[in-house]
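Q: One structure coming up, written as structure tokens, with questions to follow.
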Amino acid sequence: MKTETEKREKEVSIQRDVRVPMRDGITLSADVYRPKENGPFPAIVVRTPYGKTGKAMDRQGKTYASHGYAVILMDVRGRGDSDGEFVPYFNEGIDGHDTIEWAAAQPWCNGEVGTMGGSYLGRIQWLAALTRPPHLKAMISTVSPSDPFVEWPTGVPTPHHVCWLYMTSGRVMQDVDVIDWERVYQHLPLVTMDERTGKRLPSWREQMEHTRLDDWWRRLCYQDRFHELDMPVLHISGWYDDEQVGTPLNFAGMTRFAGTERARKNQKMIMGPWPHRVNRSTALGELDFGPDSLIDLDGYQLRWFDYWLKGEENGIMDEKPVRLFIMGENRWREESAWPLPDTQWTSYYLHSGGKANSRFGDGTLSPQPPKQESPDRYTYDPERPVPYITEMTSSQIGGPDDYSAIERRDDVLVYTTEPLSEELEVTGPVEMELYASTDARDTDFMVKLLDVWPSGFAQRLTDGMVRARFRKGMDRPELVEPGKVYRYKVDCWNTAHVFRKGHCIRVEVASSAFPKYDRNLNTGAPLGQTTDMSAAEQTIYHDTERPSAIILPVIARKGSS
């Protein structure tokens, strides 16, 4: 017996390698899936650098076409069967515009066009939307990268980015498993890191020439341009997505700054306990978030498009706009806004007797402000950076990993609460105010938030970093004065987590998280160009005048007093 899905997919026609003209004469290759019945139909555009002919793309085309949509799966410029040269992101705005308007003009389309896709496919939707294609009516942006330097506020691409550039070099996907990435990431100077792959990567070299937010990078910025958009958007990501920060920023930005009240009131966001590849498995690393952590995402996305492209009154816009999976208690909850309206912004202050080095030190964490306390000191040596637990390829960076072994190092400061006497929910953006000095002209400070289980398992929740020279902004680098105390604000992204009774809240402070971020060589030299390095002596302050604290978005528990 054929399933209902198989029966529906048999009613789908497919045209492969349809040539779509761009305004400069280049043609891009698309596979068009649409119902066999007579149209016209609303259209969904999906543009990818990862190949339009794989099984996952084919399934997507058949699924949405079998529900009454014409689906255009396209290789972006210079990739797969499309003509032209692939330069990541820089052609995607106008190419996306031309594709949307081409689709709307086809006899099988009724002029109602939506876009969807994740990661690269998510970000390029924003770039296309900013060109204001008249027939674009709605978007689904999943795990969308942010503007330059939001995810990596270092001035240079992350080491993992060279893996992504290698994977997408040429016209077809390159096998990243044949490269020793750990050896590649160790290479200095950064500017020639690509040579360790055996291949020169022009985009890597060009990005390394722009080590601040300048006009070259601003061409790819969209998060300061929400006011130009009138667009309902469904935003989707996971708490362990390595590009997670962009999705809540985009949702909040559109609800506050979109160009029309219609757009501001018609945003939705789903955040699951997922990595970059959302909604694939209940398990991540050593944790299993339970059967409820997976949802019918295709069904929800179809409801979104049915409402905005078909005009079906299916109730989706009557539901609350924010749907969050709360880790720790492992259940979904709907909310009216992000950040949550009832957030209690609560400072947890660093304390110690001056010896918070490692988890065996005397560092503590509490809501009580510090009095006169000795600062903590450690040596950061870029020849021996603090590891960031991750796979070596760019497909997923980090997860709910156990950092207890790494916390044995003396160049990691560890501050931990007493075991909690009752549950504590932390849902929202996390920020650290850190008072610190260094004897170097430039250095880094990393902050990590963890849940320490009674067993000792130290679960990473979220983290962030600041590069000292960019403390005033990514467009205003300025070296620090050695020995001077500065207040740094560290964006630690977002989480939604219940710390269970008996668990502890922990904060780590260090100066490296390798290879998630490149090593700061501490010399103040131009970024990425040198091999010289030196150790830096770091001091973290927590006293009356300099109260270092992590600011947690605490949510009152239902039924608590």
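Residues in the structure tokens are named by chain (A, B, ... in the order shown) and by number from 1 within that chain; ligands are numbered from 1 in the order shown.
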Would you mind listing what lies within 9 Å of A:Arg331 as a list in words, with only C-alpha atoms counted and same-chain residues fewer than 5 positions away left out?
A: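 Those residues are Phe289, Gly290, Asp292, Ser293, Leu324, Phe325 and Ile326 of chain A.
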Q: Convert the current residue selection to file output with all heavy atoms, as a PDB file, in the first residue's frame.
A:
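Output contents, as saved in result_3.pdb:
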```
ATOM      1  N   PHE A 289      16.851  15.327  24.838  1.00  0.00           N
ATOM      2  CA  PHE A 289      15.842  16.283  25.265  1.00  0.00           C
ATOM      3  C   PHE A 289      14.424  15.718  25.196  1.00  0.00           C
ATOM      4  O   PHE A 289      13.464  16.451  25.420  1.00  0.00           O
ATOM      5  CB  PHE A 289      15.957  17.558  24.435  1.00  0.00           C
ATOM      6  CG  PHE A 289      17.241  18.308  24.681  1.00  0.00           C
ATOM      7  CD1 PHE A 289      18.303  18.228  23.790  1.00  0.00           C
ATOM      8  CD2 PHE A 289      17.394  19.064  25.827  1.00  0.00           C
ATOM      9  CE1 PHE A 289      19.484  18.904  24.027  1.00  0.00           C
ATOM     10  CE2 PHE A 289      18.578  19.753  26.076  1.00  0.00           C
ATOM     11  CZ  PHE A 289      19.624  19.671  25.176  1.00  0.00           C
ATOM     12  N   GLY A 290      14.291  14.442  24.900  1.00  0.00           N
ATOM     13  CA  GLY A 290      12.997  13.788  24.962  1.00  0.00           C
ATOM     14  C   GLY A 290      12.219  13.855  23.662  1.00  0.00           C
ATOM     15  O   GLY A 290      12.504  14.666  22.780  1.00  0.00           O
ATOM     16  N   ASP A 292       9.361  14.988  22.837  1.00  0.00           N
ATOM     17  CA  ASP A 292       8.636  16.211  22.510  1.00  0.00           C
ATOM     18  C   ASP A 292       9.525  17.277  21.880  1.00  0.00           C
ATOM     19  O   ASP A 292       9.024  18.297  21.404  1.00  0.00           O
ATOM     20  CB  ASP A 292       7.984  16.794  23.763  1.00  0.00           C
ATOM     21  CG  ASP A 292       6.842  15.923  24.282  1.00  0.00           C
ATOM     22  OD1 ASP A 292       6.343  15.094  23.493  1.00  0.00           O
ATOM     23  OD2 ASP A 292       6.474  16.066  25.461  1.00  0.00           O
ATOM     24  N   SER A 293      10.842  17.063  21.883  1.00  0.00           N
ATOM     25  CA  SER A 293      11.753  18.077  21.341  1.00  0.00           C
ATOM     26  C   SER A 293      11.689  18.149  19.819  1.00  0.00           C
ATOM     27  O   SER A 293      12.123  19.147  19.229  1.00  0.00           O
ATOM     28  CB  SER A 293      13.192  17.800  21.782  1.00  0.00           C
ATOM     29  OG  SER A 293      13.651  16.549  21.290  1.00  0.00           O
ATOM     30  N   LEU A 324       9.032  28.435  22.438  1.00  0.00           N
ATOM     31  CA  LEU A 324      10.345  28.117  22.984  1.00  0.00           C
ATOM     32  C   LEU A 324      10.351  26.733  23.614  1.00  0.00           C
ATOM     33  O   LEU A 324       9.392  26.346  24.287  1.00  0.00           O
ATOM     34  CB  LEU A 324      10.742  29.130  24.072  1.00  0.00           C
ATOM     35  CG  LEU A 324      10.633  30.615  23.747  1.00  0.00           C
ATOM     36  CD1 LEU A 324      10.939  31.439  24.989  1.00  0.00           C
ATOM     37  CD2 LEU A 324      11.577  30.988  22.610  1.00  0.00           C
ATOM     38  N   PHE A 325      11.459  26.016  23.433  1.00  0.00           N
ATOM     39  CA  PHE A 325      11.678  24.781  24.175  1.00  0.00           C
ATOM     40  C   PHE A 325      12.521  25.138  25.391  1.00  0.00           C
ATOM     41  O   PHE A 325      13.632  25.665  25.258  1.00  0.00           O
ATOM     42  CB  PHE A 325      12.391  23.745  23.317  1.00  0.00           C
ATOM     43  CG  PHE A 325      12.469  22.382  23.953  1.00  0.00           C
ATOM     44  CD1 PHE A 325      11.465  21.452  23.752  1.00  0.00           C
ATOM     45  CD2 PHE A 325      13.548  22.034  24.758  1.00  0.00           C
ATOM     46  CE1 PHE A 325      11.526  20.192  24.334  1.00  0.00           C
ATOM     47  CE2 PHE A 325      13.625  20.777  25.338  1.00  0.00           C
ATOM     48  CZ  PHE A 325      12.604  19.848  25.128  1.00  0.00           C
ATOM     49  N   ILE A 326      11.990  24.879  26.585  1.00  0.00           N
ATOM     50  CA  ILE A 326      12.694  25.197  27.821  1.00  0.00           C
ATOM     51  C   ILE A 326      13.492  23.973  28.248  1.00  0.00           C
ATOM     52  O   ILE A 326      12.928  22.941  28.640  1.00  0.00           O
ATOM     53  CB  ILE A 326      11.711  25.611  28.938  1.00  0.00           C
ATOM     54  CG1 ILE A 326      10.734  26.674  28.426  1.00  0.00           C
ATOM     55  CG2 ILE A 326      12.490  26.109  30.154  1.00  0.00           C
ATOM     56  CD1 ILE A 326      11.370  27.944  27.942  1.00  0.00           C
TER      57      ILE A 326
END
```
Q: Which residues are near stretch 231-243 of chain A? Cut-off 9 Å, only C-alpha atoms, ignore same chain within fewer than 2 positions. Put them as JSON, numbers by chain.
A: {"A": [118, 119, 129, 136, 137, 138, 139, 140, 141, 142, 143, 144, 145, 146, 151, 229, 245, 246, 247, 248, 250, 251, 254, 258, 259, 260, 262, 263, 264, 265, 266, 267, 268, 269, 270, 271, 272, 273, 274, 275, 276, 277, 278, 279, 284, 301, 304, 308, 325, 396, 397, 398, 399, 400, 461, 462, 494, 495, 496]}
Q: Please identify all polymer residues within 8 Å of A:Phe470, counting only C-alpha atoms, omitting same-chain residues fewer than 6 positions from it, and present them as a PyMOL selection string.
A: chain A and resi 153-154+476-478
Q: Apply DSSP to the backbone of this structure and, from stretch 211-438 of chain A, keep only the residues in alpha helix (DSSP H); write these as a PyMOL selection string.
A: chain A and resi 215-218+246-257+261-264+297-310
Q: Please identify all polymer residues within 6 Å of stretch 353-357 of chain A, counting only C-alpha atoms, omitting same-chain residues fewer than 2 positions from it, and present them as a PyMOL selection string.
A: chain A and resi 361-363+374-376+410+412-414
Q: Quick one: write out the picked residues with C-alpha atoms as a PDB file, in the first residue's frame?
A:
```
ATOM      1  CA  GLY A 361      39.890  27.247  43.242  1.00  0.00           C
ATOM      2  CA  ASP A 362      37.902  29.510  45.567  1.00  0.00           C
ATOM      3  CA  GLY A 363      35.676  31.245  42.998  1.00  0.00           C
ATOM      4  CA  SER A 374      41.310  40.396  45.851  1.00  0.00           C
ATOM      5  CA  PRO A 375      41.289  40.158  42.043  1.00  0.00           C
ATOM      6  CA  ASP A 376      41.958  36.916  40.194  1.00  0.00           C
ATOM      7  CA  ASP A 410      44.647  27.342  35.924  1.00  0.00           C
ATOM      8  CA  VAL A 412      40.336  29.133  33.354  1.00  0.00           C
ATOM      9  CA  LEU A 413      38.689  31.057  36.203  1.00  0.00           C
ATOM     10  CA  VAL A 414      35.674  29.247  37.628  1.00  0.00           C
TER      11      VAL A 414
END
```
Q: Taking only C-alpha atoms into account, which of A:Trp152, A:Arg333, A:Ala405, A:Met327 comes nearest A:Val490?
A: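 The shortest atom-to-atom distance to A:Val490 comes from A:Trp152.
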Q: Do you know which residues are at most 12 Å from A:Tyr380 counting only C-alpha atoms, after dropping those on the same chain fewer than 6 positions away, and could you put them as a count of residues only?
A: 30
Q: Tell me, as an MDAnalysis selection string, which residues lie within 9 Å of A:Asp298, counting only C-alpha atoms; anything in the same chain fewer than 2 positions away does not count.
A: chainID A and resid 60 63:64 295:296 300:303
